[in-house]
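Text of run-v6.txt, listed as compact mmCIF, N, CA and C atoms and all ligand atoms:
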```txt
# COMPACT_ATOMS: atom_id res chain seq x y z
N MET N 1 -6.87 0.67 20.39
CA MET N 1 -6.05 -0.09 19.46
C MET N 1 -6.13 -1.59 19.70
N ALA N 2 -6.76 -1.96 20.82
CA ALA N 2 -6.88 -3.39 21.10
C ALA N 2 -7.67 -4.09 20.00
N GLN N 3 -8.54 -3.33 19.32
CA GLN N 3 -9.35 -3.96 18.26
C GLN N 3 -8.48 -4.45 17.10
N LEU N 4 -7.29 -3.86 16.94
CA LEU N 4 -6.43 -4.24 15.82
C LEU N 4 -5.68 -5.55 16.07
N LYS N 5 -5.67 -5.98 17.33
CA LYS N 5 -4.98 -7.23 17.66
C LYS N 5 -5.57 -8.36 16.81
N GLU N 6 -4.73 -9.11 16.17
CA GLU N 6 -5.14 -10.23 15.31
C GLU N 6 -5.69 -9.78 13.95
N SER N 7 -5.78 -8.44 13.70
CA SER N 7 -6.27 -7.99 12.39
C SER N 7 -5.20 -8.21 11.33
N LYS N 8 -5.65 -8.60 10.15
CA LYS N 8 -4.73 -8.77 9.02
C LYS N 8 -4.75 -7.48 8.21
N ILE N 9 -3.57 -6.86 8.07
CA ILE N 9 -3.50 -5.55 7.44
C ILE N 9 -2.56 -5.57 6.25
N LEU N 10 -3.02 -5.04 5.13
CA LEU N 10 -2.20 -4.91 3.93
C LEU N 10 -1.87 -3.44 3.72
N VAL N 11 -0.58 -3.13 3.54
CA VAL N 11 -0.17 -1.75 3.32
C VAL N 11 0.52 -1.66 1.95
N THR N 12 -0.17 -1.09 0.95
CA THR N 12 0.50 -0.88 -0.34
C THR N 12 1.39 0.36 -0.19
N GLY N 13 2.57 0.31 -0.78
CA GLY N 13 3.51 1.42 -0.61
C GLY N 13 4.12 1.44 0.79
N GLY N 14 4.13 0.30 1.43
CA GLY N 14 4.61 0.22 2.83
C GLY N 14 6.11 0.40 2.99
N ALA N 15 6.86 0.37 1.87
CA ALA N 15 8.30 0.58 1.96
C ALA N 15 8.66 2.06 1.79
N GLY N 16 7.66 2.89 1.60
CA GLY N 16 7.91 4.32 1.42
C GLY N 16 7.95 5.07 2.73
N PHE N 17 8.03 6.37 2.61
CA PHE N 17 8.22 7.25 3.78
C PHE N 17 7.08 7.09 4.80
N ILE N 18 5.86 7.31 4.36
CA ILE N 18 4.74 7.22 5.29
C ILE N 18 4.47 5.76 5.65
N GLY N 19 4.53 4.89 4.63
CA GLY N 19 4.23 3.48 4.86
C GLY N 19 5.15 2.84 5.89
N TYR N 20 6.41 3.21 5.85
CA TYR N 20 7.39 2.65 6.80
C TYR N 20 6.99 2.97 8.24
N HIS N 21 6.69 4.25 8.49
CA HIS N 21 6.33 4.65 9.85
C HIS N 21 5.00 4.02 10.28
N LEU N 22 4.08 3.95 9.33
CA LEU N 22 2.79 3.33 9.63
C LEU N 22 2.99 1.85 9.99
N CYS N 23 3.80 1.14 9.18
CA CYS N 23 4.00 -0.29 9.41
C CYS N 23 4.72 -0.56 10.73
N LYS N 24 5.62 0.32 11.10
CA LYS N 24 6.30 0.16 12.40
C LYS N 24 5.28 0.16 13.52
N LYS N 25 4.35 1.10 13.43
CA LYS N 25 3.31 1.20 14.46
C LYS N 25 2.36 -0.01 14.39
N LEU N 26 1.97 -0.35 13.17
CA LEU N 26 1.00 -1.44 13.03
C LEU N 26 1.54 -2.77 13.53
N THR N 27 2.85 -3.02 13.30
CA THR N 27 3.41 -4.30 13.75
C THR N 27 3.51 -4.37 15.27
N SER N 28 3.37 -3.24 15.94
CA SER N 28 3.34 -3.28 17.41
C SER N 28 1.92 -3.61 17.89
N LEU N 29 0.97 -3.57 16.96
CA LEU N 29 -0.43 -3.80 17.33
C LEU N 29 -0.95 -5.16 16.88
N THR N 30 -0.40 -5.66 15.78
CA THR N 30 -0.84 -6.96 15.27
C THR N 30 0.33 -7.64 14.57
N PRO N 31 0.41 -8.96 14.64
CA PRO N 31 1.51 -9.66 13.96
C PRO N 31 1.24 -9.88 12.48
N TYR N 32 0.07 -9.47 11.99
CA TYR N 32 -0.31 -9.80 10.62
C TYR N 32 -0.31 -8.58 9.70
N VAL N 33 0.88 -8.04 9.47
CA VAL N 33 1.01 -6.88 8.58
C VAL N 33 1.77 -7.30 7.31
N THR N 34 1.19 -7.00 6.16
CA THR N 34 1.87 -7.29 4.89
C THR N 34 2.15 -5.99 4.16
N ILE N 35 3.42 -5.83 3.76
CA ILE N 35 3.83 -4.68 2.94
C ILE N 35 3.84 -5.15 1.49
N TYR N 36 3.10 -4.41 0.64
CA TYR N 36 3.07 -4.74 -0.79
C TYR N 36 3.61 -3.53 -1.54
N ASP N 37 4.79 -3.67 -2.14
CA ASP N 37 5.47 -2.50 -2.69
C ASP N 37 6.38 -2.95 -3.84
N ASN N 38 6.45 -2.15 -4.90
CA ASN N 38 7.33 -2.53 -6.02
C ASN N 38 8.75 -1.95 -5.87
N LEU N 39 8.99 -1.25 -4.77
CA LEU N 39 10.31 -0.67 -4.46
C LEU N 39 10.78 0.33 -5.53
N SER N 40 9.85 0.93 -6.25
CA SER N 40 10.26 1.92 -7.26
C SER N 40 10.87 3.15 -6.60
N SER N 41 10.32 3.56 -5.48
CA SER N 41 10.95 4.64 -4.70
C SER N 41 11.13 4.22 -3.24
N GLY N 42 10.44 3.17 -2.85
CA GLY N 42 10.58 2.67 -1.48
C GLY N 42 11.92 1.99 -1.28
N LYS N 43 12.28 1.81 -0.01
CA LYS N 43 13.60 1.26 0.29
C LYS N 43 13.50 -0.09 1.00
N LEU N 44 14.39 -1.00 0.56
CA LEU N 44 14.44 -2.31 1.20
C LEU N 44 14.86 -2.17 2.67
N GLU N 45 15.70 -1.15 2.95
CA GLU N 45 16.11 -0.91 4.35
C GLU N 45 14.90 -0.63 5.23
N ASN N 46 13.93 0.09 4.68
CA ASN N 46 12.71 0.36 5.44
C ASN N 46 12.00 -0.95 5.79
N VAL N 47 11.94 -1.83 4.79
CA VAL N 47 11.27 -3.12 4.99
C VAL N 47 12.02 -3.93 6.05
N LYS N 48 13.35 -3.93 5.93
CA LYS N 48 14.16 -4.71 6.87
C LYS N 48 14.04 -4.18 8.28
N ASP N 49 13.73 -2.89 8.39
CA ASP N 49 13.59 -2.27 9.71
C ASP N 49 12.22 -2.56 10.34
N VAL N 50 11.38 -3.25 9.58
CA VAL N 50 10.08 -3.68 10.12
C VAL N 50 10.01 -5.21 9.96
N PRO N 51 10.88 -5.92 10.70
CA PRO N 51 11.02 -7.36 10.45
C PRO N 51 9.77 -8.17 10.77
N LYS N 52 8.88 -7.61 11.56
CA LYS N 52 7.67 -8.37 11.90
C LYS N 52 6.65 -8.37 10.77
N ALA N 53 6.85 -7.50 9.78
CA ALA N 53 5.90 -7.45 8.65
C ALA N 53 6.36 -8.41 7.55
N LYS N 54 5.38 -8.98 6.87
CA LYS N 54 5.70 -9.80 5.69
C LYS N 54 5.87 -8.86 4.51
N PHE N 55 6.88 -9.09 3.69
CA PHE N 55 7.10 -8.21 2.53
C PHE N 55 6.82 -8.95 1.23
N VAL N 56 6.03 -8.32 0.37
CA VAL N 56 5.80 -8.85 -0.96
C VAL N 56 6.20 -7.78 -1.96
N LYS N 57 7.17 -8.12 -2.83
CA LYS N 57 7.53 -7.16 -3.87
C LYS N 57 6.54 -7.31 -5.02
N GLY N 58 5.76 -6.26 -5.25
CA GLY N 58 4.76 -6.35 -6.30
C GLY N 58 4.23 -4.99 -6.67
N ASP N 59 3.63 -4.93 -7.86
CA ASP N 59 3.10 -3.68 -8.38
C ASP N 59 1.58 -3.68 -8.21
N ILE N 60 1.02 -2.53 -7.82
CA ILE N 60 -0.43 -2.48 -7.63
C ILE N 60 -1.18 -2.67 -8.94
N LEU N 61 -0.49 -2.46 -10.07
CA LEU N 61 -1.15 -2.67 -11.36
C LEU N 61 -1.13 -4.14 -11.78
N ASN N 62 -0.40 -4.95 -11.04
CA ASN N 62 -0.39 -6.39 -11.30
C ASN N 62 -1.51 -7.02 -10.47
N LEU N 63 -2.71 -6.96 -11.04
CA LEU N 63 -3.89 -7.41 -10.28
C LEU N 63 -3.83 -8.88 -9.93
N LYS N 64 -3.24 -9.66 -10.82
CA LYS N 64 -3.19 -11.10 -10.55
C LYS N 64 -2.42 -11.35 -9.26
N GLN N 65 -1.24 -10.72 -9.16
CA GLN N 65 -0.42 -10.88 -7.95
C GLN N 65 -1.11 -10.27 -6.74
N LEU N 66 -1.67 -9.08 -6.94
CA LEU N 66 -2.32 -8.38 -5.83
C LEU N 66 -3.46 -9.21 -5.24
N CYS N 67 -4.25 -9.78 -6.13
CA CYS N 67 -5.41 -10.55 -5.68
C CYS N 67 -5.04 -11.90 -5.10
N ASN N 68 -3.80 -12.31 -5.31
CA ASN N 68 -3.36 -13.57 -4.73
C ASN N 68 -2.87 -13.39 -3.29
N GLN N 69 -2.86 -12.16 -2.82
CA GLN N 69 -2.42 -11.92 -1.44
C GLN N 69 -3.49 -12.40 -0.47
N GLU N 70 -3.05 -12.69 0.73
CA GLU N 70 -3.99 -13.17 1.74
C GLU N 70 -5.05 -12.11 2.04
N LYS N 71 -6.24 -12.55 2.26
CA LYS N 71 -7.35 -11.64 2.55
C LYS N 71 -7.03 -10.77 3.77
N ALA N 72 -7.28 -9.47 3.64
CA ALA N 72 -6.96 -8.55 4.74
C ALA N 72 -8.24 -7.99 5.35
N ASP N 73 -8.15 -7.65 6.64
CA ASP N 73 -9.28 -6.98 7.29
C ASP N 73 -9.25 -5.48 7.00
N LEU N 74 -8.05 -4.98 6.77
CA LEU N 74 -7.87 -3.54 6.63
C LEU N 74 -6.76 -3.27 5.61
N ILE N 75 -6.99 -2.33 4.71
CA ILE N 75 -5.97 -2.00 3.71
C ILE N 75 -5.63 -0.51 3.79
N PHE N 76 -4.35 -0.23 3.88
CA PHE N 76 -3.88 1.16 3.75
C PHE N 76 -3.25 1.26 2.37
N HIS N 77 -3.81 2.09 1.51
CA HIS N 77 -3.32 2.20 0.13
C HIS N 77 -2.48 3.47 0.00
N LEU N 78 -1.15 3.29 0.02
CA LEU N 78 -0.22 4.42 -0.04
C LEU N 78 0.67 4.38 -1.28
N ALA N 79 0.59 3.30 -2.06
CA ALA N 79 1.48 3.16 -3.23
C ALA N 79 1.17 4.23 -4.26
N ALA N 80 2.19 4.98 -4.64
CA ALA N 80 2.01 6.04 -5.63
C ALA N 80 3.36 6.56 -6.09
N GLN N 81 3.39 7.08 -7.30
CA GLN N 81 4.56 7.82 -7.79
C GLN N 81 4.31 9.26 -7.34
N VAL N 82 5.15 9.76 -6.42
CA VAL N 82 4.82 11.01 -5.74
C VAL N 82 5.69 12.21 -6.14
N VAL N 83 6.64 11.97 -7.05
CA VAL N 83 7.56 13.06 -7.39
C VAL N 83 6.96 13.96 -8.47
N VAL N 84 6.58 15.16 -8.09
CA VAL N 84 5.90 16.06 -9.02
C VAL N 84 6.79 16.41 -10.23
N PRO N 85 8.09 16.76 -10.03
CA PRO N 85 8.92 17.06 -11.21
C PRO N 85 8.99 15.89 -12.19
N TYR N 86 9.00 14.66 -11.64
CA TYR N 86 9.02 13.47 -12.53
C TYR N 86 7.75 13.43 -13.37
N SER N 87 6.62 13.73 -12.73
CA SER N 87 5.35 13.75 -13.46
C SER N 87 5.35 14.84 -14.52
N MET N 88 5.98 15.99 -14.17
CA MET N 88 6.02 17.10 -15.13
C MET N 88 6.87 16.72 -16.35
N GLU N 89 7.96 15.95 -16.08
CA GLU N 89 8.85 15.58 -17.18
C GLU N 89 8.34 14.36 -17.96
N ASN N 90 7.55 13.52 -17.28
CA ASN N 90 7.04 12.30 -17.92
C ASN N 90 5.52 12.24 -17.76
N PRO N 91 4.84 13.23 -18.32
CA PRO N 91 3.40 13.32 -18.06
C PRO N 91 2.61 12.11 -18.55
N THR N 92 3.04 11.54 -19.68
CA THR N 92 2.24 10.43 -20.22
C THR N 92 2.34 9.18 -19.35
N GLU N 93 3.50 9.01 -18.70
CA GLU N 93 3.67 7.80 -17.89
C GLU N 93 2.65 7.73 -16.75
N ASP N 94 2.59 8.82 -15.97
CA ASP N 94 1.62 8.83 -14.86
C ASP N 94 0.19 8.87 -15.39
N PHE N 95 0.02 9.60 -16.50
CA PHE N 95 -1.32 9.69 -17.07
C PHE N 95 -1.81 8.32 -17.51
N GLU N 96 -0.92 7.61 -18.23
CA GLU N 96 -1.32 6.30 -18.73
C GLU N 96 -1.55 5.32 -17.58
N THR N 97 -0.70 5.42 -16.56
CA THR N 97 -0.89 4.54 -15.40
C THR N 97 -2.23 4.83 -14.74
N ALA N 98 -2.51 6.13 -14.57
CA ALA N 98 -3.78 6.52 -13.94
C ALA N 98 -4.95 6.08 -14.80
N GLN N 99 -4.83 6.29 -16.11
CA GLN N 99 -5.92 5.90 -17.01
C GLN N 99 -6.14 4.40 -16.97
N ARG N 100 -5.04 3.68 -17.02
CA ARG N 100 -5.14 2.23 -17.03
C ARG N 100 -5.79 1.76 -15.74
N TYR N 101 -5.33 2.34 -14.64
CA TYR N 101 -5.87 1.95 -13.34
C TYR N 101 -7.35 2.28 -13.27
N ASN N 102 -7.67 3.53 -13.69
CA ASN N 102 -9.06 3.96 -13.55
C ASN N 102 -10.00 3.22 -14.50
N ARG N 103 -9.54 3.04 -15.75
CA ARG N 103 -10.46 2.48 -16.74
C ARG N 103 -10.56 0.97 -16.69
N GLU N 104 -9.42 0.32 -16.45
CA GLU N 104 -9.44 -1.14 -16.54
C GLU N 104 -9.40 -1.82 -15.18
N GLU N 105 -8.27 -1.63 -14.47
CA GLU N 105 -8.13 -2.35 -13.23
C GLU N 105 -9.19 -1.94 -12.21
N ARG N 106 -9.46 -0.63 -12.18
CA ARG N 106 -10.34 -0.17 -11.12
C ARG N 106 -11.74 -0.78 -11.22
N LYS N 107 -12.13 -1.08 -12.48
CA LYS N 107 -13.42 -1.74 -12.65
C LYS N 107 -13.42 -3.08 -11.91
N GLN N 108 -12.22 -3.71 -11.93
CA GLN N 108 -12.16 -5.03 -11.31
C GLN N 108 -11.87 -4.95 -9.82
N VAL N 109 -11.33 -3.80 -9.38
CA VAL N 109 -10.92 -3.71 -7.99
C VAL N 109 -12.04 -4.01 -7.01
N PRO N 110 -13.23 -3.41 -7.17
CA PRO N 110 -14.27 -3.71 -6.19
C PRO N 110 -14.62 -5.19 -6.17
N LYS N 111 -14.53 -5.82 -7.36
CA LYS N 111 -14.89 -7.23 -7.42
C LYS N 111 -13.77 -8.11 -6.87
N SER N 112 -12.55 -7.86 -7.40
CA SER N 112 -11.49 -8.81 -7.11
C SER N 112 -10.61 -8.43 -5.93
N PHE N 113 -10.38 -7.16 -5.74
CA PHE N 113 -9.44 -6.78 -4.68
C PHE N 113 -10.18 -6.48 -3.38
N TYR N 114 -11.01 -5.46 -3.43
CA TYR N 114 -11.61 -5.05 -2.17
C TYR N 114 -12.60 -6.08 -1.63
N SER N 115 -13.40 -6.65 -2.52
CA SER N 115 -14.40 -7.58 -1.99
C SER N 115 -13.76 -8.88 -1.53
N ILE N 116 -12.69 -9.28 -2.19
CA ILE N 116 -12.05 -10.53 -1.78
C ILE N 116 -11.14 -10.29 -0.58
N HIS N 117 -10.46 -9.16 -0.61
CA HIS N 117 -9.42 -8.96 0.38
C HIS N 117 -9.83 -8.11 1.57
N LEU N 118 -10.88 -7.34 1.40
CA LEU N 118 -11.24 -6.43 2.50
C LEU N 118 -12.56 -6.89 3.11
N ARG N 119 -12.48 -7.34 4.33
CA ARG N 119 -13.70 -7.81 4.98
C ARG N 119 -14.52 -6.62 5.49
N HIS N 120 -13.86 -5.68 6.12
CA HIS N 120 -14.55 -4.49 6.56
C HIS N 120 -13.51 -3.44 6.96
N ILE N 121 -13.94 -2.19 7.03
CA ILE N 121 -13.04 -1.12 7.48
C ILE N 121 -13.51 -0.70 8.86
N PRO N 122 -12.93 -1.27 9.91
CA PRO N 122 -13.47 -1.02 11.24
C PRO N 122 -12.97 0.28 11.88
N TYR N 123 -11.91 0.85 11.34
CA TYR N 123 -11.33 2.01 12.01
C TYR N 123 -11.10 3.14 11.02
N SER N 124 -11.27 4.35 11.49
CA SER N 124 -10.97 5.49 10.63
C SER N 124 -9.51 5.89 10.85
N LEU N 125 -8.93 6.59 9.88
CA LEU N 125 -7.51 6.94 9.96
C LEU N 125 -7.12 7.70 11.22
N PRO N 126 -7.93 8.66 11.71
CA PRO N 126 -7.49 9.40 12.90
C PRO N 126 -7.29 8.51 14.12
N GLN N 127 -7.86 7.29 14.09
CA GLN N 127 -7.69 6.41 15.24
C GLN N 127 -6.31 5.74 15.25
N ILE N 128 -5.61 5.80 14.09
CA ILE N 128 -4.28 5.20 14.02
C ILE N 128 -3.27 6.32 14.24
N ARG N 129 -2.72 6.40 15.41
CA ARG N 129 -1.76 7.47 15.68
C ARG N 129 -0.35 6.94 15.53
N ILE N 130 0.47 7.62 14.69
CA ILE N 130 1.85 7.16 14.52
C ILE N 130 2.82 8.24 14.96
N1 LIG P 201 4.87 12.53 2.21
C1 LIG P 201 3.92 13.48 2.31
O1 LIG P 201 4.12 14.57 2.87
C2 LIG P 201 2.54 13.22 1.75
C3 LIG P 201 1.56 14.20 1.92
C4 LIG P 201 0.28 13.97 1.43
C5 LIG P 201 -0.01 12.78 0.77
N2 LIG P 201 0.94 11.85 0.60
C6 LIG P 201 0.57 10.62 -0.09
O2 LIG P 201 0.90 9.50 0.73
C7 LIG P 201 1.28 8.41 -0.13
C8 LIG P 201 2.68 7.91 0.26
O3 LIG P 201 3.60 9.00 0.16
P1 LIG P 201 5.11 8.86 0.60
O4 LIG P 201 5.61 10.22 0.89
O5 LIG P 201 5.26 7.78 1.62
O6 LIG P 201 5.76 8.41 -0.80
P2 LIG P 201 6.93 7.35 -1.09
O7 LIG P 201 7.38 7.55 -2.50
O8 LIG P 201 7.95 7.39 -0.02
O9 LIG P 201 6.14 5.97 -0.98
C9 LIG P 201 5.36 5.48 -2.03
C10 LIG P 201 5.63 3.99 -2.08
O10 LIG P 201 4.82 3.43 -3.11
C11 LIG P 201 5.61 2.50 -3.82
N3 LIG P 201 5.02 2.40 -5.15
C12 LIG P 201 4.96 3.36 -6.11
N4 LIG P 201 4.31 2.91 -7.19
C13 LIG P 201 3.95 1.64 -6.90
C14 LIG P 201 3.24 0.64 -7.62
N5 LIG P 201 2.80 0.87 -8.87
N6 LIG P 201 3.02 -0.55 -7.03
C15 LIG P 201 3.48 -0.80 -5.77
N7 LIG P 201 4.17 0.09 -5.05
C16 LIG P 201 4.38 1.30 -5.60
C17 LIG P 201 7.02 3.06 -3.82
O11 LIG P 201 8.02 2.09 -4.04
C18 LIG P 201 7.08 3.64 -2.41
O12 LIG P 201 7.57 2.69 -1.48
C19 LIG P 201 1.21 8.93 -1.55
O13 LIG P 201 -0.04 8.60 -2.10
C20 LIG P 201 1.34 10.43 -1.37
O14 LIG P 201 0.73 11.13 -2.44
C21 LIG P 201 2.22 12.05 1.07
```
I'd like the structure from this file rewritten - as structure tokens, please.
Ligand SMILES: NC(=O)c1ccc[n+]([C@@H]2O[C@H](COP(=O)([O-])OP(=O)(O)OC[C@H]3O[C@@H](n4cnc5c(N)ncnc54)[C@H](O)[C@@H]3O)[C@@H](O)[C@H]2O)c1
Amino acid sequence: MAQLKESKILVTGGAGFIGYHLCKKLTSLTPYVTIYDNLSSGKLENVKDVPKAKFVKGDILNLKQLCNQEKADLIFHLAAQVVVPYSMENPTEDFETAQRYNREERKQVPKSFYSIHLRHIPYSLPQIRI
């Protein structure tokens, strides 16, 4: 984990269940952790409980805001609407979001998000134990 020291890490969905625990661990390894979350299901208390992380309230579909974030060495992408019954009751909402992301934003993601913000992926997930 010494390799993570000084690494800049962006965690989308960092205010959620998994993101919170991940960010707690990551902030013990590097001082440069940014949580990017729209708080749709995530909790501000989670963010406050990880005071060493920088918090940005934002939506992953807002590419302009996303791409204005500081360049990261490593990105954990956890932001998602995860409630299955909600998807069953509102199928078009998740479908349209997924379509929009896949058809429009995703085309730009390799150019604007990953290439600008992600320098390299030096570690695989199993190496991050939480
Ligand atoms: N919890 C599990 O057991 C489990 C198992 C397998 C996979 N996963 C996956 O892990 C990821 C995180 O799951 P979780 O349980 O922590 O869910 P969660 O709902 O607690 O966290 C998701 C976070 O994403 C944020 N978010 C949602 N839409 C967003 C958007 N458009 N822009 C920015 N932020 C947004 C929410 O506010 C929330 O903080 C999901 O992709 C989920 O499918 C979870």
Between N:Cys23, N:Ala79, N:Ile35, N:Leu74, single out the one closest to Asp49 in chain N, counting all atoms listed in the file. N:Cys23
Taking only N, CA and C atoms and all ligand atoms into account, which residues have an atom no farther than 6.5 Å from ligand LIG 201 (chain P)? I'd like them as a ChimeraX atom specification. /N:12-20,36-43,58-61,77-83
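Between atom C of Lys54 in chain N and atom N of Leu26 in chain N the separation is 12.8 Å.
The interatomic distance for the pair CA of Ile9 in chain N and atom N of Leu44 in chain N works out to 19.7 Å.
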Please, which residues of range 11-72 of chain N, numbered as in this document, come out strand (DSSP E) from DSSP, as a list in words? Val11, Thr12, Tyr32, Val33, Thr34, Ile35, Tyr36, Asp37, Lys54, Phe55, Val56 and Lys57 of chain N
Between atom C of Asn62 in chain N and atom C of Lys5 in chain N, what distance in Å does the model show, to one decimal?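 Taking atom C of Asn62 in chain N and atom C of Lys5 in chain N, their separation equals 27.6 Å.
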Enclose all atoms of range 51-59 of chain N listed in the file in an axis-aligned box, grow every side by 5 Å, and hand back centre and edge lengths in Å to one decimal, as JSON.
```
{"center_x": 6.3, "center_y": -6.7, "center_z": 1.8, "size_x": 19.4, "size_y": 16.1, "size_z": 30.3}
```
Give me the residues within 7 Å of Val33 in chain N as a VMD selection string, counting all atoms listed in the file and dropping any in the same chain fewer than 2 places off. chain N and resid 7 to 11 26 to 27 30 to 31 35 52 to 55
